[in-house]
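Trainee: The following file, model.pdb, comprises PDB, C-alpha atoms, pLDDT in the B column:
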MODEL        1
ATOM      1  CA  MET X   1     141.357 166.806 236.193  1.00 59.00           C
ATOM      2  CA  PHE X   2     140.736 164.815 239.366  1.00 72.00           C
ATOM      3  CA  SER X   3     137.606 163.684 241.190  1.00 79.00           C
ATOM      4  CA  HIS X   4     138.995 163.982 244.715  1.00 88.00           C
ATOM      5  CA  VAL X   5     142.060 164.038 246.939  1.00 93.00           C
ATOM      6  CA  MET X   6     142.040 162.026 250.170  1.00 93.00           C
ATOM      7  CA  LEU X   7     144.724 162.030 252.860  1.00 93.00           C
ATOM      8  CA  GLY X   8     145.248 159.458 255.572  1.00 93.00           C
ATOM      9  CA  VAL X   9     145.446 160.993 259.054  1.00 94.00           C
ATOM     10  CA  SER X  10     146.416 159.697 262.489  1.00 92.00           C
ATOM     11  CA  ASP X  11     143.979 161.705 264.611  1.00 94.00           C
ATOM     12  CA  LEU X  12     140.729 162.444 262.822  1.00 94.00           C
ATOM     13  CA  ASP X  13     139.539 165.090 265.313  1.00 95.00           C
ATOM     14  CA  THR X  14     142.850 167.000 265.255  1.00 96.00           C
ATOM     15  CA  SER X  15     142.967 166.907 261.466  1.00 96.00           C
ATOM     16  CA  ARG X  16     139.297 167.928 261.143  1.00 97.00           C
ATOM     17  CA  ARG X  17     139.932 171.012 263.297  1.00 97.00           C
ATOM     18  CA  PHE X  18     143.057 171.811 261.240  1.00 97.00           C
ATOM     19  CA  TYR X  19     141.324 171.481 257.844  1.00 98.00           C
ATOM     20  CA  ASP X  20     138.111 173.186 258.998  1.00 98.00           C
ATOM     21  CA  ALA X  21     140.182 176.253 260.000  1.00 97.00           C
ATOM     22  CA  LEU X  22     142.516 176.116 257.009  1.00 95.00           C
ATOM     23  CA  LEU X  23     139.946 175.590 254.267  1.00 96.00           C
ATOM     24  CA  ALA X  24     137.547 178.189 255.667  1.00 97.00           C
ATOM     25  CA  THR X  25     140.092 180.803 254.535  1.00 96.00           C
ATOM     26  CA  VAL X  26     139.538 179.776 250.895  1.00 94.00           C
ATOM     27  CA  GLY X  27     135.745 179.586 251.169  1.00 94.00           C
ATOM     28  CA  VAL X  28     135.252 175.877 251.880  1.00 96.00           C
ATOM     29  CA  ARG X  29     132.665 174.858 254.488  1.00 96.00           C
ATOM     30  CA  PRO X  30     133.593 172.601 257.450  1.00 97.00           C
ATOM     31  CA  GLY X  31     134.034 168.918 256.690  1.00 97.00           C
ATOM     32  CA  VAL X  32     131.014 166.627 256.624  1.00 96.00           C
ATOM     33  CA  ALA X  33     131.447 163.386 258.576  1.00 94.00           C
ATOM     34  CA  ASN X  34     130.966 160.055 256.862  1.00 90.00           C
ATOM     35  CA  GLY X  35     132.088 157.286 259.214  1.00 85.00           C
ATOM     36  CA  GLN X  36     135.870 157.534 259.627  1.00 86.00           C
ATOM     37  CA  ARG X  37     136.117 160.305 257.022  1.00 93.00           C
ATOM     38  CA  TYR X  38     135.428 163.995 256.579  1.00 96.00           C
ATOM     39  CA  PHE X  39     134.614 165.414 253.152  1.00 95.00           C
ATOM     40  CA  TYR X  40     135.165 169.039 252.068  1.00 96.00           C
ATOM     41  CA  ARG X  41     133.364 169.937 248.848  1.00 94.00           C
ATOM     42  CA  ASN X  42     132.990 172.950 246.613  1.00 91.00           C
ATOM     43  CA  ALA X  43     132.416 173.561 242.903  1.00 89.00           C
ATOM     44  CA  GLN X  44     136.073 172.819 242.086  1.00 87.00           C
ATOM     45  CA  GLY X  45     136.334 169.393 243.708  1.00 89.00           C
ATOM     46  CA  THR X  46     136.409 167.262 246.818  1.00 94.00           C
ATOM     47  CA  PHE X  47     139.067 166.961 249.494  1.00 95.00           C
ATOM     48  CA  ALA X  48     138.803 164.327 252.226  1.00 95.00           C
ATOM     49  CA  ILE X  49     140.625 163.060 255.306  1.00 95.00           C
ATOM     50  CA  THR X  50     140.363 159.521 256.655  1.00 93.00           C
ATOM     51  CA  ARG X  51     141.894 157.053 259.021  1.00 91.00           C
ATOM     52  CA  PRO X  52     143.593 154.450 256.805  1.00 90.00           C
ATOM     53  CA  ILE X  53     141.063 151.673 256.183  1.00 84.00           C
ATOM     54  CA  ASN X  54     143.767 148.997 256.404  1.00 88.00           C
ATOM     55  CA  GLY X  55     144.446 149.888 260.059  1.00 87.00           C
ATOM     56  CA  GLU X  56     148.079 150.791 259.354  1.00 90.00           C
ATOM     57  CA  PRO X  57     149.514 154.135 260.533  1.00 89.00           C
ATOM     58  CA  ALA X  58     148.938 157.171 258.325  1.00 89.00           C
ATOM     59  CA  SER X  59     152.051 158.558 256.618  1.00 87.00           C
ATOM     60  CA  HIS X  60     152.806 161.432 254.275  1.00 84.00           C
ATOM     61  CA  GLY X  61     154.203 161.060 250.785  1.00 84.00           C
ATOM     62  CA  ASN X  62     157.772 162.237 250.281  1.00 78.00           C
ATOM     63  CA  GLY X  63     157.709 164.725 247.415  1.00 80.00           C
ATOM     64  CA  ALA X  64     153.913 165.013 247.418  1.00 87.00           C
ATOM     65  CA  THR X  65     152.194 168.402 247.698  1.00 91.00           C
ATOM     66  CA  ILE X  66     148.523 169.305 247.538  1.00 93.00           C
ATOM     67  CA  GLY X  67     147.799 172.838 246.343  1.00 94.00           C
ATOM     68  CA  PHE X  68     144.622 174.739 247.211  1.00 95.00           C
ATOM     69  CA  ALA X  69     143.618 177.683 245.004  1.00 94.00           C
ATOM     70  CA  ALA X  70     143.705 181.127 246.609  1.00 95.00           C
ATOM     71  CA  GLU X  71     142.056 184.188 245.094  1.00 94.00           C
ATOM     72  CA  SER X  72     144.736 186.594 246.335  1.00 96.00           C
ATOM     73  CA  PRO X  73     148.050 186.742 248.182  1.00 97.00           C
ATOM     74  CA  GLU X  74     146.120 187.918 251.251  1.00 98.00           C
ATOM     75  CA  GLN X  75     143.928 184.814 251.131  1.00 97.00           C
ATOM     76  CA  ALA X  76     147.031 182.618 250.809  1.00 97.00           C
ATOM     77  CA  ASP X  77     148.527 184.371 253.846  1.00 98.00           C
ATOM     78  CA  ALA X  78     145.297 183.805 255.813  1.00 98.00           C
ATOM     79  CA  PHE X  79     145.391 180.120 254.794  1.00 97.00           C
ATOM     80  CA  HIS X  80     148.976 179.826 256.046  1.00 97.00           C
ATOM     81  CA  ALA X  81     148.251 181.662 259.314  1.00 98.00           C
ATOM     82  CA  ALA X  82     145.122 179.586 259.995  1.00 98.00           C
ATOM     83  CA  GLY X  83     147.086 176.401 259.375  1.00 97.00           C
ATOM     84  CA  LEU X  84     149.823 177.409 261.803  1.00 97.00           C
ATOM     85  CA  ALA X  85     147.265 178.428 264.440  1.00 97.00           C
ATOM     86  CA  ALA X  86     145.497 175.068 264.044  1.00 97.00           C
ATOM     87  CA  GLY X  87     148.588 172.936 264.606  1.00 97.00           C
ATOM     88  CA  GLY X  88     150.418 172.973 261.272  1.00 97.00           C
ATOM     89  CA  THR X  89     154.084 173.803 260.762  1.00 97.00           C
ATOM     90  CA  THR X  90     155.667 176.035 258.163  1.00 94.00           C
ATOM     91  CA  CYS X  91     157.946 174.555 255.500  1.00 92.00           C
ATOM     92  CA  GLU X  92     159.730 175.652 252.353  1.00 88.00           C
ATOM     93  CA  ASP X  93     160.291 179.392 252.003  1.00 91.00           C
ATOM     94  CA  PRO X  94     157.998 181.871 253.774  1.00 95.00           C
ATOM     95  CA  PRO X  95     154.790 182.739 251.902  1.00 97.00           C
ATOM     96  CA  GLY X  96     155.559 184.960 248.942  1.00 97.00           C
ATOM     97  CA  TRP X  97     155.935 185.425 245.206  1.00 97.00           C
ATOM     98  CA  ARG X  98     157.960 182.924 243.175  1.00 93.00           C
ATOM     99  CA  ASP X  99     158.978 183.248 239.536  1.00 91.00           C
ATOM    100  CA  GLY X 100     159.444 180.032 237.580  1.00 82.00           C
ATOM    101  CA  SER X 101     158.821 178.189 234.351  1.00 80.00           C
ATOM    102  CA  VAL X 102     155.031 178.346 234.861  1.00 77.00           C
ATOM    103  CA  GLY X 103     155.080 182.083 235.515  1.00 86.00           C
ATOM    104  CA  ARG X 104     154.650 184.161 238.656  1.00 91.00           C
ATOM    105  CA  LEU X 105     152.910 182.458 241.602  1.00 93.00           C
ATOM    106  CA  TYR X 106     152.209 183.400 245.196  1.00 97.00           C
ATOM    107  CA  LEU X 107     152.820 180.297 247.341  1.00 95.00           C
ATOM    108  CA  ALA X 108     152.257 179.584 251.041  1.00 97.00           C
ATOM    109  CA  TYR X 109     153.529 176.142 252.123  1.00 96.00           C
ATOM    110  CA  LEU X 110     152.948 174.289 255.371  1.00 96.00           C
ATOM    111  CA  ARG X 111     152.579 170.782 256.762  1.00 95.00           C
ATOM    112  CA  ASP X 112     149.447 169.467 258.414  1.00 96.00           C
ATOM    113  CA  PRO X 113     149.561 167.685 261.813  1.00 95.00           C
ATOM    114  CA  ASP X 114     150.500 164.399 260.059  1.00 94.00           C
ATOM    115  CA  GLY X 115     153.294 165.954 257.974  1.00 93.00           C
ATOM    116  CA  ASN X 116     151.434 166.181 254.647  1.00 94.00           C
ATOM    117  CA  LYS X 117     152.755 169.100 252.599  1.00 94.00           C
ATOM    118  CA  ILE X 118     150.051 171.491 251.440  1.00 95.00           C
ATOM    119  CA  CYS X 119     150.069 174.971 250.001  1.00 95.00           C
ATOM    120  CA  ALA X 120     147.870 177.833 248.942  1.00 95.00           C
ATOM    121  CA  VAL X 121     148.560 178.922 245.364  1.00 94.00           C
ATOM    122  CA  HIS X 122     147.551 182.259 243.860  1.00 95.00           C
ATOM    123  CA  ARG X 123     147.993 182.655 240.119  1.00 91.00           C
ATOM    124  CA  PRO X 124     147.581 186.283 239.081  1.00 89.00           C
ATOM    125  CA  PRO X 125     145.689 187.002 235.872  1.00 84.00           C
ATOM    126  CA  ARG X 126     147.885 187.017 232.811  1.00 78.00           C
ATOM    127  CA  PRO X 127     148.295 190.419 231.176  1.00 71.00           C
ATOM    128  CA  ALA X 128     146.262 190.933 228.018  1.00 70.00           C
ATOM    129  CA  ALA X 129     148.259 190.578 224.830  1.00 67.00           C
TER     130      ALA X 129
ENDMDL
END
Represent the structure of the file as structure tokens.

Mentor:
Amino acid sequence: MFSHVMLGVSDLDTSRRFYDALLATVGVRPGVANGQRYFYRNAQGTFAITRPINGEPASHGNGATIGFAAESPEQADAFHAAGLAAGGTTCEDPPGWRDGSVGRLYLAYLRDPDGNKICAVHRPPRPAA
């Protein structure tokens, strides 16, 4: 559905350490440097962090969330814990199951060092009909 997601960050080294630790929990290798950017790639897509090219301060989007797929609730919990240990802050409800219009999801929300809201999302298999 998308080719990539890129976030503007204030401190590239701090954010690289944060995302290297966080994304390792969902099987993504450390970011690869490309000038003022780091790219994280796997078979599902590309995520990147960059200093804003216009020289203005980085800022987070109000109401924006980026969700990373988790294979299990335990992997989502590891994602959340790694993010907190690497300088993130928790937000929303604690990690756990949520029931809603799209079905049952396990969600683990946090904010990165620049305030961007991210989460790990585990969607359990649907029961056979």

Trainee: Quick one: apply the PyMOL selection byres ((chain X and resi 68-83) around 8) to the file and drop the selected residues here as a count of residues only.

Mentor: 31

Trainee: Tell me which of X:Gly103, X:Gly55, X:Gly35, X:Pro113 sits closest to Arg17 (chain X), counting only C-alpha atoms.

Mentor: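 The shortest atom-to-atom distance to Arg17 (chain X) comes from X:Pro113.
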
Trainee: Under the PyMOL selection byres ((chain X and resi 126) around 12), which residues of this model are included? Write them out as a ChimeraX atom specification.

Mentor: /X:102-105,123-125,127-129

Trainee: Between X:Lys117, X:Arg98, X:Arg111, X:His4, which one has atoms that come closest to Gln44 (chain X), using all atoms listed in the file?

Mentor: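 Closest to Gln44 (chain X), using all atoms listed in the file: X:His4.
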
Trainee: Please determine, counting only C-alpha atoms, which residue among X:Gly31, X:Gly100, X:Pro94, X:Pro52 has the shortest atom-to-atom distance to Asp11 (chain X).

Mentor: X:Pro52

Trainee: Rounded to one decimal in Å, what is the spacing between CA of Gly45 (chain X) and CA of Ser101 (chain X)?

Mentor: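 CA of Ser101 (chain X) lies 25.9 Å from CA of Gly45 (chain X).
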
Trainee: Around all of region 6-14 of chain X's listed atoms, make the axis-aligned box with 5 Å on each side and tell me centre and edge lengths in Å to one decimal, as lines of an AutoDock Vina configuration file.

Mentor:
center_x = 143.0
center_y = 163.2
center_z = 257.7
size_x = 16.9
size_y = 17.5
size_z = 25.1

Trainee: Return region 52-73 of chain X, completed with N, CA and C atoms, as a compact mmCIF listing (two decimals), keeping the file's coordinate frame.

Mentor:
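And here is the file that came out, result-v3.txt:
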# COMPACT_ATOMS: atom_id res chain seq x y z
N PRO X 52 143.35 155.49 257.81
CA PRO X 52 143.59 154.45 256.80
C PRO X 52 142.69 153.23 257.05
N ILE X 53 142.01 152.77 256.02
CA ILE X 53 141.06 151.67 256.18
C ILE X 53 141.75 150.34 256.45
N ASN X 54 143.07 150.25 256.15
CA ASN X 54 143.77 149.00 256.40
C ASN X 54 144.27 148.89 257.84
N GLY X 55 144.02 149.92 258.66
CA GLY X 55 144.45 149.89 260.06
C GLY X 55 145.90 150.23 260.28
N GLU X 56 146.67 150.42 259.23
CA GLU X 56 148.08 150.79 259.35
C GLU X 56 148.19 152.28 259.69
N PRO X 57 149.34 152.71 260.22
CA PRO X 57 149.51 154.14 260.53
C PRO X 57 149.47 155.00 259.27
N ALA X 58 148.92 156.20 259.42
CA ALA X 58 148.94 157.17 258.32
C ALA X 58 150.37 157.67 258.13
N SER X 59 150.73 157.99 256.90
CA SER X 59 152.05 158.56 256.62
C SER X 59 151.92 159.52 255.45
N HIS X 60 152.85 160.46 255.37
CA HIS X 60 152.81 161.43 254.28
C HIS X 60 153.72 160.96 253.14
N GLY X 61 153.41 161.42 251.95
CA GLY X 61 154.20 161.06 250.78
C GLY X 61 155.39 161.99 250.63
N ASN X 62 156.58 161.43 250.50
CA ASN X 62 157.77 162.24 250.28
C ASN X 62 157.73 162.77 248.86
N GLY X 63 157.78 164.08 248.72
CA GLY X 63 157.71 164.72 247.42
C GLY X 63 156.30 165.10 246.99
N ALA X 64 155.31 164.70 247.76
CA ALA X 64 153.91 165.01 247.42
C ALA X 64 153.52 166.37 247.99
N THR X 65 152.74 167.13 247.24
CA THR X 65 152.19 168.40 247.70
C THR X 65 150.78 168.51 247.15
N ILE X 66 149.88 169.01 247.98
CA ILE X 66 148.52 169.30 247.54
C ILE X 66 148.35 170.81 247.58
N GLY X 67 147.98 171.39 246.45
CA GLY X 67 147.80 172.84 246.34
C GLY X 67 146.34 173.21 246.34
N PHE X 68 145.97 174.20 247.16
CA PHE X 68 144.62 174.74 247.21
C PHE X 68 144.63 176.12 246.58
N ALA X 69 143.67 176.40 245.71
CA ALA X 69 143.62 177.68 245.00
C ALA X 69 143.25 178.81 245.96
N ALA X 70 143.98 179.91 245.84
CA ALA X 70 143.71 181.13 246.61
C ALA X 70 143.40 182.25 245.62
N GLU X 71 142.45 183.10 245.98
CA GLU X 71 142.06 184.19 245.09
C GLU X 71 143.00 185.38 245.15
N SER X 72 143.84 185.45 246.18
CA SER X 72 144.74 186.59 246.34
C SER X 72 145.90 186.19 247.24
N PRO X 73 146.97 186.99 247.23
CA PRO X 73 148.05 186.74 248.18
C PRO X 73 147.56 186.84 249.63
